[in-house]
$ cat work-v2.pdb   # PDB, C-alpha atoms, pLDDT in the B column
ATOM      1  CA  MET A   4      -7.823  14.940 -11.923  1.00 81.00           C
ATOM      2  CA  GLN A   5      -4.073  14.372 -11.917  1.00 87.00           C
ATOM      3  CA  THR A   6      -2.305  13.702  -8.629  1.00 86.00           C
ATOM      4  CA  THR A   7      -0.176  16.794  -9.115  1.00 88.00           C
ATOM      5  CA  GLU A   8      -3.249  18.993  -9.235  1.00 90.00           C
ATOM      6  CA  LEU A   9      -4.832  17.198  -6.283  1.00 91.00           C
ATOM      7  CA  ILE A  10      -1.710  17.865  -4.229  1.00 91.00           C
ATOM      8  CA  SER A  11      -1.697  21.486  -5.258  1.00 89.00           C
ATOM      9  CA  ARG A  12      -5.327  21.933  -4.251  1.00 91.00           C
ATOM     10  CA  ALA A  13      -5.003  19.944  -1.030  1.00 90.00           C
ATOM     11  CA  SER A  14      -2.005  22.050  -0.048  1.00 88.00           C
ATOM     12  CA  THR A  15      -4.181  25.132  -0.117  1.00 87.00           C
ATOM     13  CA  GLY A  16      -6.850  23.580   2.057  1.00 87.00           C
ATOM     14  CA  ASP A  17      -9.157  21.933  -0.467  1.00 89.00           C
ATOM     15  CA  GLU A  18     -10.679  19.164   1.654  1.00 90.00           C
ATOM     16  CA  ALA A  19     -12.212  17.372  -1.317  1.00 93.00           C
ATOM     17  CA  ALA A  20      -8.799  17.163  -2.970  1.00 93.00           C
ATOM     18  CA  TRP A  21      -7.262  15.735   0.205  1.00 93.00           C
ATOM     19  CA  GLN A  22     -10.038  13.172   0.486  1.00 94.00           C
ATOM     20  CA  GLU A  23      -9.460  12.115  -3.103  1.00 95.00           C
ATOM     21  CA  LEU A  24      -5.726  11.737  -2.385  1.00 95.00           C
ATOM     22  CA  VAL A  25      -6.547   9.506   0.572  1.00 95.00           C
ATOM     23  CA  HIS A  26      -9.081   7.533  -1.434  1.00 94.00           C
ATOM     24  CA  ARG A  27      -6.585   6.837  -4.216  1.00 95.00           C
ATOM     25  CA  HIS A  28      -3.537   6.073  -2.103  1.00 96.00           C
ATOM     26  CA  ALA A  29      -4.778   4.604   1.180  1.00 96.00           C
ATOM     27  CA  PRO A  30      -4.465   1.030  -0.185  1.00 96.00           C
ATOM     28  CA  ILE A  31      -0.719   1.591  -0.636  1.00 97.00           C
ATOM     29  CA  VAL A  32      -0.258   2.452   3.032  1.00 97.00           C
ATOM     30  CA  TRP A  33      -2.511  -0.439   4.019  1.00 96.00           C
ATOM     31  CA  ALA A  34      -0.594  -2.910   1.859  1.00 96.00           C
ATOM     32  CA  VAL A  35       2.686  -1.894   3.519  1.00 96.00           C
ATOM     33  CA  THR A  36       1.246  -2.375   7.013  1.00 95.00           C
ATOM     34  CA  ARG A  37      -0.037  -5.811   6.030  1.00 93.00           C
ATOM     35  CA  ALA A  38       3.340  -6.741   4.581  1.00 94.00           C
ATOM     36  CA  HIS A  39       4.823  -5.944   7.996  1.00 94.00           C
ATOM     37  CA  ARG A  40       2.288  -8.211   9.695  1.00 91.00           C
ATOM     38  CA  LEU A  41       0.617  -5.405  11.558  1.00 91.00           C
ATOM     39  CA  ARG A  42      -3.013  -5.663  12.507  1.00 86.00           C
ATOM     40  CA  GLY A  43      -5.623  -3.751  14.475  1.00 88.00           C
ATOM     41  CA  ALA A  44      -4.453  -0.754  16.473  1.00 90.00           C
ATOM     42  CA  ASP A  45      -0.887  -0.992  15.188  1.00 92.00           C
ATOM     43  CA  ALA A  46      -1.952  -0.879  11.548  1.00 93.00           C
ATOM     44  CA  ALA A  47      -4.279   2.016  12.367  1.00 93.00           C
ATOM     45  CA  ASP A  48      -1.440   3.882  14.083  1.00 93.00           C
ATOM     46  CA  VAL A  49       0.842   3.445  11.088  1.00 95.00           C
ATOM     47  CA  SER A  50      -1.835   4.699   8.738  1.00 95.00           C
ATOM     48  CA  GLN A  51      -2.697   7.701  10.872  1.00 94.00           C
ATOM     49  CA  ASN A  52       0.933   8.719  11.391  1.00 94.00           C
ATOM     50  CA  THR A  53       1.735   8.331   7.714  1.00 96.00           C
ATOM     51  CA  TRP A  54      -1.123  10.583   6.640  1.00 95.00           C
ATOM     52  CA  ALA A  55      -0.330  13.081   9.374  1.00 93.00           C
ATOM     53  CA  ALA A  56       3.255  13.210   8.105  1.00 93.00           C
ATOM     54  CA  LEU A  57       2.003  13.804   4.580  1.00 94.00           C
ATOM     55  CA  ALA A  58      -0.247  16.630   5.729  1.00 91.00           C
ATOM     56  CA  GLU A  59       2.785  18.127   7.433  1.00 88.00           C
ATOM     57  CA  HIS A  60       4.980  17.910   4.354  1.00 87.00           C
ATOM     58  CA  LEU A  61       2.480  18.306   1.539  1.00 87.00           C
ATOM     59  CA  PRO A  62       3.045  22.022   0.921  1.00 82.00           C
ATOM     60  CA  ARG A  63       6.754  21.358   0.494  1.00 83.00           C
ATOM     61  CA  LEU A  64       6.561  18.345  -1.804  1.00 81.00           C
ATOM     62  CA  ARG A  65       8.952  18.951  -4.666  1.00 78.00           C
ATOM     63  CA  ARG A  66       8.121  15.839  -6.671  1.00 85.00           C
ATOM     64  CA  PRO A  67       4.380  15.186  -6.521  1.00 83.00           C
ATOM     65  CA  ASP A  68       4.802  12.341  -8.994  1.00 85.00           C
ATOM     66  CA  ARG A  69       6.672  10.470  -6.286  1.00 89.00           C
ATOM     67  CA  LEU A  70       3.806  10.574  -3.801  1.00 93.00           C
ATOM     68  CA  PRO A  71       3.104   6.800  -3.934  1.00 94.00           C
ATOM     69  CA  GLY A  72       6.749   6.082  -3.169  1.00 94.00           C
ATOM     70  CA  TRP A  73       6.819   8.672  -0.413  1.00 95.00           C
ATOM     71  CA  LEU A  74       3.766   7.132   1.239  1.00 96.00           C
ATOM     72  CA  ALA A  75       5.122   3.592   0.940  1.00 96.00           C
ATOM     73  CA  THR A  76       8.506   4.560   2.395  1.00 95.00           C
ATOM     74  CA  THR A  77       6.991   6.593   5.220  1.00 96.00           C
ATOM     75  CA  ALA A  78       4.579   3.773   6.056  1.00 96.00           C
ATOM     76  CA  ARG A  79       7.504   1.350   6.159  1.00 96.00           C
ATOM     77  CA  ARG A  80       9.344   3.558   8.652  1.00 96.00           C
ATOM     78  CA  GLU A  81       6.226   3.855  10.778  1.00 95.00           C
ATOM     79  CA  CYS A  82       5.844   0.060  10.695  1.00 95.00           C
ATOM     80  CA  LEU A  83       9.423  -0.404  11.863  1.00 94.00           C
ATOM     81  CA  ARG A  84       8.920   2.142  14.614  1.00 94.00           C
ATOM     82  CA  VAL A  85       5.819   0.347  15.873  1.00 92.00           C
ATOM     83  CA  LYS A  86       7.554  -3.019  15.719  1.00 90.00           C
ATOM     84  CA  LEU A  87      10.571  -1.680  17.585  1.00 88.00           C
ATOM     85  CA  GLN A  88       8.239  -0.629  20.346  1.00 84.00           C
ATOM     86  CA  GLY A  89       7.517  -4.323  20.776  1.00 71.00           C
ATOM     87  CA  ARG A  90       3.814  -4.065  20.467  1.00 57.00           C
ATOM     88  CA  ARG A  91       1.297  -6.388  18.967  1.00 53.00           C
ATOM     89  CA  GLU A  92       3.047  -8.014  16.076  1.00 53.00           C
ATOM     90  CA  VAL A  93       1.268 -11.141  14.903  1.00 53.00           C
ATOM     91  CA  PRO A  94       3.643 -14.110  14.901  1.00 53.00           C
ATOM     92  CA  THR A  95       4.221 -15.682  11.508  1.00 50.00           C
ATOM     93  CA  ASP A  96       2.741 -19.019  12.460  1.00 48.00           C
ATOM     94  CA  THR A  97      -0.553 -17.421  13.430  1.00 49.00           C
ATOM     95  CA  LEU A  98      -0.693 -14.953  10.571  1.00 49.00           C
ATOM     96  CA  GLU A  99      -3.933 -15.360   8.772  1.00 52.00           C
ATOM     97  CA  ILE A 100      -4.629 -14.975   5.122  1.00 55.00           C
ATOM     98  CA  PRO A 101      -7.779 -12.914   4.842  1.00 59.00           C
ATOM     99  CA  ALA A 102     -10.933 -14.893   4.450  1.00 58.00           C
ATOM    100  CA  ALA A 103     -12.014 -15.673   0.933  1.00 59.00           C
ATOM    101  CA  PRO A 104     -14.042 -12.790  -0.437  1.00 60.00           C
ATOM    102  CA  VAL A 105     -17.412 -13.051  -2.008  1.00 61.00           C
ATOM    103  CA  CYS A 106     -16.291 -13.452  -5.593  1.00 61.00           C
ATOM    104  CA  HIS A 107     -18.455 -12.014  -8.293  1.00 66.00           C
ATOM    105  CA  THR A 108     -17.184 -14.369 -10.983  1.00 75.00           C
ATOM    106  CA  GLY A 109     -15.530 -17.746 -11.260  1.00 77.00           C
ATOM    107  CA  GLU A 110     -12.388 -16.026 -12.522  1.00 82.00           C
ATOM    108  CA  GLU A 111     -12.186 -13.950  -9.364  1.00 85.00           C
ATOM    109  CA  GLU A 112     -12.548 -17.034  -7.212  1.00 86.00           C
ATOM    110  CA  LEU A 113      -9.710 -18.771  -9.033  1.00 91.00           C
ATOM    111  CA  LEU A 114      -7.520 -15.685  -8.751  1.00 93.00           C
ATOM    112  CA  TRP A 115      -8.107 -15.541  -5.025  1.00 92.00           C
ATOM    113  CA  LYS A 116      -7.258 -19.216  -4.563  1.00 92.00           C
ATOM    114  CA  ALA A 117      -4.106 -18.839  -6.640  1.00 95.00           C
ATOM    115  CA  PHE A 118      -3.037 -15.714  -4.731  1.00 95.00           C
ATOM    116  CA  ALA A 119      -3.628 -17.388  -1.362  1.00 94.00           C
ATOM    117  CA  ARG A 120      -1.269 -20.207  -2.382  1.00 95.00           C
ATOM    118  CA  LEU A 121       1.651 -17.916  -3.100  1.00 96.00           C
ATOM    119  CA  SER A 122       4.494 -17.473  -0.634  1.00 96.00           C
ATOM    120  CA  GLU A 123       4.144 -14.642   1.861  1.00 94.00           C
ATOM    121  CA  ARG A 124       6.895 -12.729   0.066  1.00 94.00           C
ATOM    122  CA  CYS A 125       5.026 -12.920  -3.230  1.00 97.00           C
ATOM    123  CA  ARG A 126       1.725 -11.990  -1.621  1.00 96.00           C
ATOM    124  CA  ASN A 127       3.336  -8.935  -0.050  1.00 95.00           C
ATOM    125  CA  LEU A 128       5.057  -7.879  -3.241  1.00 97.00           C
ATOM    126  CA  LEU A 129       2.103  -8.382  -5.580  1.00 97.00           C
ATOM    127  CA  GLY A 130      -0.262  -6.981  -2.952  1.00 96.00           C
ATOM    128  CA  LEU A 131       1.663  -3.703  -3.019  1.00 96.00           C
ATOM    129  CA  LEU A 132       2.229  -3.605  -6.775  1.00 97.00           C
ATOM    130  CA  ALA A 133      -1.460  -4.265  -7.365  1.00 97.00           C
ATOM    131  CA  HIS A 134      -2.251  -0.923  -5.749  1.00 96.00           C
ATOM    132  CA  ALA A 135       0.821   0.952  -6.972  1.00 95.00           C
ATOM    133  CA  PRO A 136       2.362  -0.524 -10.132  1.00 95.00           C
ATOM    134  CA  GLU A 137       4.032   2.829 -10.767  1.00 93.00           C
ATOM    135  CA  LEU A 138       6.464   2.333  -7.874  1.00 95.00           C
ATOM    136  CA  THR A 139      10.105   2.024  -8.854  1.00 94.00           C
ATOM    137  CA  TYR A 140      12.316  -0.879  -7.835  1.00 95.00           C
ATOM    138  CA  VAL A 141      14.024   1.337  -5.262  1.00 95.00           C
ATOM    139  CA  GLN A 142      10.718   2.463  -3.789  1.00 95.00           C
ATOM    140  CA  VAL A 143       9.401  -1.098  -3.512  1.00 96.00           C
ATOM    141  CA  SER A 144      12.699  -2.187  -2.027  1.00 95.00           C
ATOM    142  CA  ARG A 145      12.452   0.511   0.630  1.00 93.00           C
ATOM    143  CA  ALA A 146       8.802  -0.167   1.341  1.00 95.00           C
ATOM    144  CA  LEU A 147       9.125  -3.912   1.818  1.00 95.00           C
ATOM    145  CA  GLY A 148      12.726  -4.243   2.926  1.00 92.00           C
ATOM    146  CA  LEU A 149      13.687  -6.363  -0.087  1.00 91.00           C
ATOM    147  CA  LYS A 150      16.987  -6.286  -1.922  1.00 92.00           C
ATOM    148  CA  VAL A 151      16.670  -4.024  -4.911  1.00 93.00           C
ATOM    149  CA  THR A 152      19.123  -6.091  -6.931  1.00 93.00           C
ATOM    150  CA  SER A 153      16.859  -9.143  -6.909  1.00 91.00           C
ATOM    151  CA  LEU A 154      13.535  -7.368  -7.051  1.00 94.00           C
ATOM    152  CA  GLY A 155      13.108  -7.657 -10.805  1.00 94.00           C
ATOM    153  CA  ARG A 156      13.594 -11.408 -10.724  1.00 95.00           C
ATOM    154  CA  THR A 157      11.395 -11.775  -7.658  1.00 96.00           C
ATOM    155  CA  ARG A 158       8.599  -9.824  -9.276  1.00 96.00           C
ATOM    156  CA  ALA A 159       8.812 -11.886 -12.464  1.00 96.00           C
ATOM    157  CA  ARG A 160       8.856 -15.120 -10.474  1.00 96.00           C
ATOM    158  CA  CYS A 161       5.846 -14.106  -8.369  1.00 97.00           C
ATOM    159  CA  LEU A 162       3.797 -13.110 -11.399  1.00 97.00           C
ATOM    160  CA  ASP A 163       4.799 -16.345 -13.119  1.00 96.00           C
ATOM    161  CA  GLN A 164       3.832 -18.421 -10.090  1.00 97.00           C
ATOM    162  CA  LEU A 165       0.484 -16.680  -9.880  1.00 97.00           C
ATOM    163  CA  ARG A 166      -0.197 -17.450 -13.529  1.00 96.00           C
ATOM    164  CA  ARG A 167       0.906 -21.069 -13.154  1.00 96.00           C
ATOM    165  CA  LYS A 168      -1.351 -21.605 -10.163  1.00 95.00           C
ATOM    166  CA  LEU A 169      -4.220 -19.987 -12.027  1.00 93.00           C
ATOM    167  CA  THR A 170      -3.652 -22.316 -14.951  1.00 93.00           C
ATOM    168  CA  LEU A 171      -3.582 -25.346 -12.667  1.00 92.00           C
ATOM    169  CA  LEU A 172      -6.752 -24.264 -10.903  1.00 90.00           C
ATOM    170  CA  GLU A 173      -8.505 -23.653 -14.208  1.00 83.00           C
ATOM    171  CA  GLY A 174      -7.741 -27.239 -15.136  1.00 79.00           C
ATOM    172  CA  HIS A 175      -8.670 -28.640 -11.748  1.00 67.00           C
ATOM    173  CA  PRO A 176     -10.948 -26.225  -9.921  1.00 57.00           C
ATOM    174  CA  GLU A 177     -11.705 -27.258  -6.347  1.00 57.00           C
TER     175      GLU A 177
ATOM    176  CA  MET B   6       9.096  -0.964 -13.640  1.00 84.00           C
ATOM    177  CA  LYS B   7       7.872  -2.170 -16.963  1.00 89.00           C
ATOM    178  CA  TYR B   8       4.818  -4.335 -17.292  1.00 93.00           C
ATOM    179  CA  THR B   9       3.105  -6.164 -20.060  1.00 94.00           C
ATOM    180  CA  THR B  10      -0.553  -5.497 -20.673  1.00 95.00           C
ATOM    181  CA  ALA B  11      -1.288  -8.924 -19.220  1.00 94.00           C
ATOM    182  CA  ASP B  12       0.696  -8.073 -16.057  1.00 95.00           C
ATOM    183  CA  LEU B  13      -1.272  -4.893 -15.522  1.00 96.00           C
ATOM    184  CA  ARG B  14      -4.574  -6.650 -16.139  1.00 95.00           C
ATOM    185  CA  LEU B  15      -3.679  -9.304 -13.574  1.00 96.00           C
ATOM    186  CA  LEU B  16      -2.534  -6.743 -10.985  1.00 97.00           C
ATOM    187  CA  ASN B  17      -5.647  -4.667 -11.527  1.00 96.00           C
ATOM    188  CA  ALA B  18      -7.861  -7.703 -10.942  1.00 95.00           C
ATOM    189  CA  LEU B  19      -5.852  -8.448  -7.814  1.00 95.00           C
ATOM    190  CA  ALA B  20      -6.265  -4.889  -6.524  1.00 95.00           C
ATOM    191  CA  THR B  21     -10.026  -5.159  -6.925  1.00 93.00           C
ATOM    192  CA  LEU B  22     -10.071  -8.431  -5.008  1.00 92.00           C
ATOM    193  CA  LEU B  23      -7.833  -7.176  -2.209  1.00 91.00           C
ATOM    194  CA  ARG B  24      -9.997  -4.119  -1.673  1.00 90.00           C
ATOM    195  CA  ARG B  25     -12.892  -6.456  -0.921  1.00 88.00           C
ATOM    196  CA  THR B  26     -10.929  -9.098   0.967  1.00 84.00           C
ATOM    197  CA  ASP B  27      -8.990  -6.802   3.243  1.00 85.00           C
ATOM    198  CA  PRO B  28     -10.845  -3.493   3.223  1.00 90.00           C
ATOM    199  CA  ILE B  29      -9.402  -0.554   5.082  1.00 93.00           C
ATOM    200  CA  PRO B  30     -11.493  -0.056   8.241  1.00 93.00           C
ATOM    201  CA  GLN B  31     -13.750   2.971   8.134  1.00 94.00           C
ATOM    202  CA  ASP B  32     -12.217   4.462  11.284  1.00 93.00           C
ATOM    203  CA  VAL B  33      -8.756   4.229   9.745  1.00 93.00           C
ATOM    204  CA  LEU B  34      -9.965   5.999   6.627  1.00 93.00           C
ATOM    205  CA  ALA B  35     -11.694   8.614   8.761  1.00 92.00           C
ATOM    206  CA  ASP B  36      -8.446   9.305  10.615  1.00 92.00           C
ATOM    207  CA  ALA B  37      -6.610   9.688   7.308  1.00 93.00           C
ATOM    208  CA  MET B  38      -9.252  12.094   6.049  1.00 91.00           C
ATOM    209  CA  ALA B  39      -9.062  14.052   9.309  1.00 90.00           C
ATOM    210  CA  ALA B  40      -5.310  14.495   8.940  1.00 86.00           C
ATOM    211  CA  GLY B  41      -6.035  16.827   6.048  1.00 80.00           C
ATOM    212  CA  LEU B  42      -7.914  19.218   8.302  1.00 78.00           C
ATOM    213  CA  ARG B  43      -4.534  20.494   9.398  1.00 70.00           C
ATOM    214  CA  LEU B  44      -4.088  21.875   5.902  1.00 66.00           C
ATOM    215  CA  SER B  45      -7.482  23.491   5.603  1.00 64.00           C
ATOM    216  CA  HIS B  46      -7.786  24.815   9.143  1.00 60.00           C
ATOM    217  CA  ARG B  47      -4.181  25.882   9.492  1.00 55.00           C
ATOM    218  CA  GLU B  48      -3.886  23.973  12.722  1.00 52.00           C
ATOM    219  CA  PRO B  49      -0.610  24.398  14.572  1.00 49.00           C
ATOM    220  CA  ARG B  50       1.973  21.827  13.720  1.00 49.00           C
ATOM    221  CA  LEU B  51       2.336  18.887  16.010  1.00 49.00           C
ATOM    222  CA  PRO B  52       5.764  17.942  17.252  1.00 48.00           C
ATOM    223  CA  THR B  53       7.039  15.540  14.650  1.00 48.00           C
ATOM    224  CA  ARG B  54       9.852  13.134  14.467  1.00 49.00           C
ATOM    225  CA  THR B  55      12.573  13.899  12.036  1.00 47.00           C
ATOM    226  CA  LEU B  56      11.665  12.293   8.762  1.00 50.00           C
ATOM    227  CA  ASP B  57      14.271  11.020   6.391  1.00 52.00           C
ATOM    228  CA  LEU B  58      13.717  12.910   3.176  1.00 53.00           C
ATOM    229  CA  ALA B  59      16.135  10.821   1.159  1.00 49.00           C
ATOM    230  CA  TRP B  60      13.280   9.954  -1.160  1.00 53.00           C
ATOM    231  CA  LEU B  61      13.499  13.450  -2.555  1.00 54.00           C
ATOM    232  CA  LEU B  62      16.873  12.697  -4.039  1.00 50.00           C
ATOM    233  CA  PRO B  63      16.996  11.461  -7.602  1.00 47.00           C
TER     234      PRO B  63
END

$ encode --input "work-v2.pdb" --output "structure tokens"
Amino acid sequence: MQTTELISRASTGDEAAWQELVHRHAPIVWAVTRAHRLRGADAADVSQNTWAALAEHLPRLRRPDRLPGWLATTARRECLRVKLQGRREVPTDTLEIPAAPVCHTGEEELLWKAFARLSERCRNLLGLLAHAPELTYVQVSRALGLKVTSLGRTRARCLDQLRRKLTLLEGHPE
Amino acid sequence: MKYTTADLRLLNALATLLRRTDPIPQDVLADAMAAGLRLSHREPRLPTRTLDLAWLLP
């Protein structure tokens, strides 16, 4: 079912449609919280407030096709609000990269290793685009606080670095 | 944004990995699901902060 129809149904109280909206788009909100170095209760607060805001505004959405961008931008604002409150931000030097997942294939393992070796900026950018490649430059810029003028180059560089690291790892797997 | 087929394949593989590596906690998902009850049960609106709706502009 198209997002537009899901929004229409959810707006009239169709719980299954709302749940499908959450299922499809929750990773976008989560990726934005991670990019802002929020963990635990803070990340949960951002997620909850973002979805509550959507429920509030859903019946009045004029551009359903922009829902991913709306969620990313709203999550960003919630992240900034939480950080301004001076709560539990994880300092950069203690920020962990998630533990290596159980990879189903050798290719997945190499991809994970290559991704983990990217800069934080690239991990944040590709981590968001992975879940929402349809976002525009402006929407990504708003969601991650990056300059829109350099976003195209940054995206290309991050994808290129990921490929280069994959190639290196394929030649010399650890 | 424009992507090549190879870009999209790489990002899709990354999305699959990230879902397993950094899964959204079940309680967080449950809260998100519960937010929709306001739509179906016509619950009274909560006091909300003013949201910037600039995203609606072209």

$ residues_near_point --input "work-v2.pdb" --point "(-9.2, 17.3, -2.6)" --cutoff "12 Å" --atoms "all atoms listed in the file" --output "mmCIF file with C-alpha atoms, keeping the file's coordinate frame"
data_model
loop_
_atom_site.group_PDB
_atom_site.id
_atom_site.type_symbol
_atom_site.label_atom_id
_atom_site.label_comp_id
_atom_site.auth_asym_id
_atom_site.auth_seq_id
_atom_site.Cartn_x
_atom_site.Cartn_y
_atom_site.Cartn_z
ATOM 1 C CA MET A 4 -7.823 14.940 -11.923
ATOM 2 C CA GLN A 5 -4.073 14.372 -11.917
ATOM 3 C CA THR A 6 -2.305 13.702 -8.629
ATOM 4 C CA THR A 7 -0.176 16.794 -9.115
ATOM 5 C CA GLU A 8 -3.249 18.993 -9.235
ATOM 6 C CA LEU A 9 -4.832 17.198 -6.283
ATOM 7 C CA ILE A 10 -1.710 17.865 -4.229
ATOM 8 C CA SER A 11 -1.697 21.486 -5.258
ATOM 9 C CA ARG A 12 -5.327 21.933 -4.251
ATOM 10 C CA ALA A 13 -5.003 19.944 -1.030
ATOM 11 C CA SER A 14 -2.005 22.050 -0.048
ATOM 12 C CA THR A 15 -4.181 25.132 -0.117
ATOM 13 C CA GLY A 16 -6.850 23.580 2.057
ATOM 14 C CA ASP A 17 -9.157 21.933 -0.467
ATOM 15 C CA GLU A 18 -10.679 19.164 1.654
ATOM 16 C CA ALA A 19 -12.212 17.372 -1.317
ATOM 17 C CA ALA A 20 -8.799 17.163 -2.970
ATOM 18 C CA TRP A 21 -7.262 15.735 0.205
ATOM 19 C CA GLN A 22 -10.038 13.172 0.486
ATOM 20 C CA GLU A 23 -9.460 12.115 -3.103
ATOM 21 C CA LEU A 24 -5.726 11.737 -2.385
ATOM 22 C CA VAL A 25 -6.547 9.506 0.572
ATOM 23 C CA HIS A 26 -9.081 7.533 -1.434
ATOM 24 C CA ARG A 27 -6.585 6.837 -4.216
ATOM 25 C CA MET B 38 -9.252 12.094 6.049
ATOM 26 C CA GLY B 41 -6.035 16.827 6.048
ATOM 27 C CA LEU B 42 -7.914 19.218 8.302
ATOM 28 C CA LEU B 44 -4.088 21.875 5.902
ATOM 29 C CA SER B 45 -7.482 23.491 5.603
#

$ resolve_selection --input "work-v2.pdb" --expression "the PyMOL selection byres ((chain B) within 7 of (chain A))" --output "list in words"
Met6, Leu16, Asn17, Leu19, Ala20, Arg25, Thr26, Asp27, Ile29, Val33, Asp36, Ala37, Met38, Ala40, Gly41, Arg43, Leu44, Ser45 and Trp60 of chain B

$ closest_residue --input "work-v2.pdb" --among "A:Arg156, A:Arg126, A:Lys150, A:Lys116" --to "Lys168 in chain A" --atoms "only C-alpha atoms"
A:Lys116

$ atom_distance --input "work-v2.pdb" --atom1 "CA of Gln164 in chain A" --atom2 "CA of Leu121 in chain A"
7.3 Å

$ closest_residue --input "work-v2.pdb" --among "A:Leu169, A:Leu74, A:Ser153, A:Thr36" --to "Ala119 in chain A" --atoms "all atoms listed in the file"
A:Leu169

$ atom_distance --input "work-v2.pdb" --atom1 "CA of Arg84 in chain A" --atom2 "CA of Ala35 in chain B"
22.4 Å
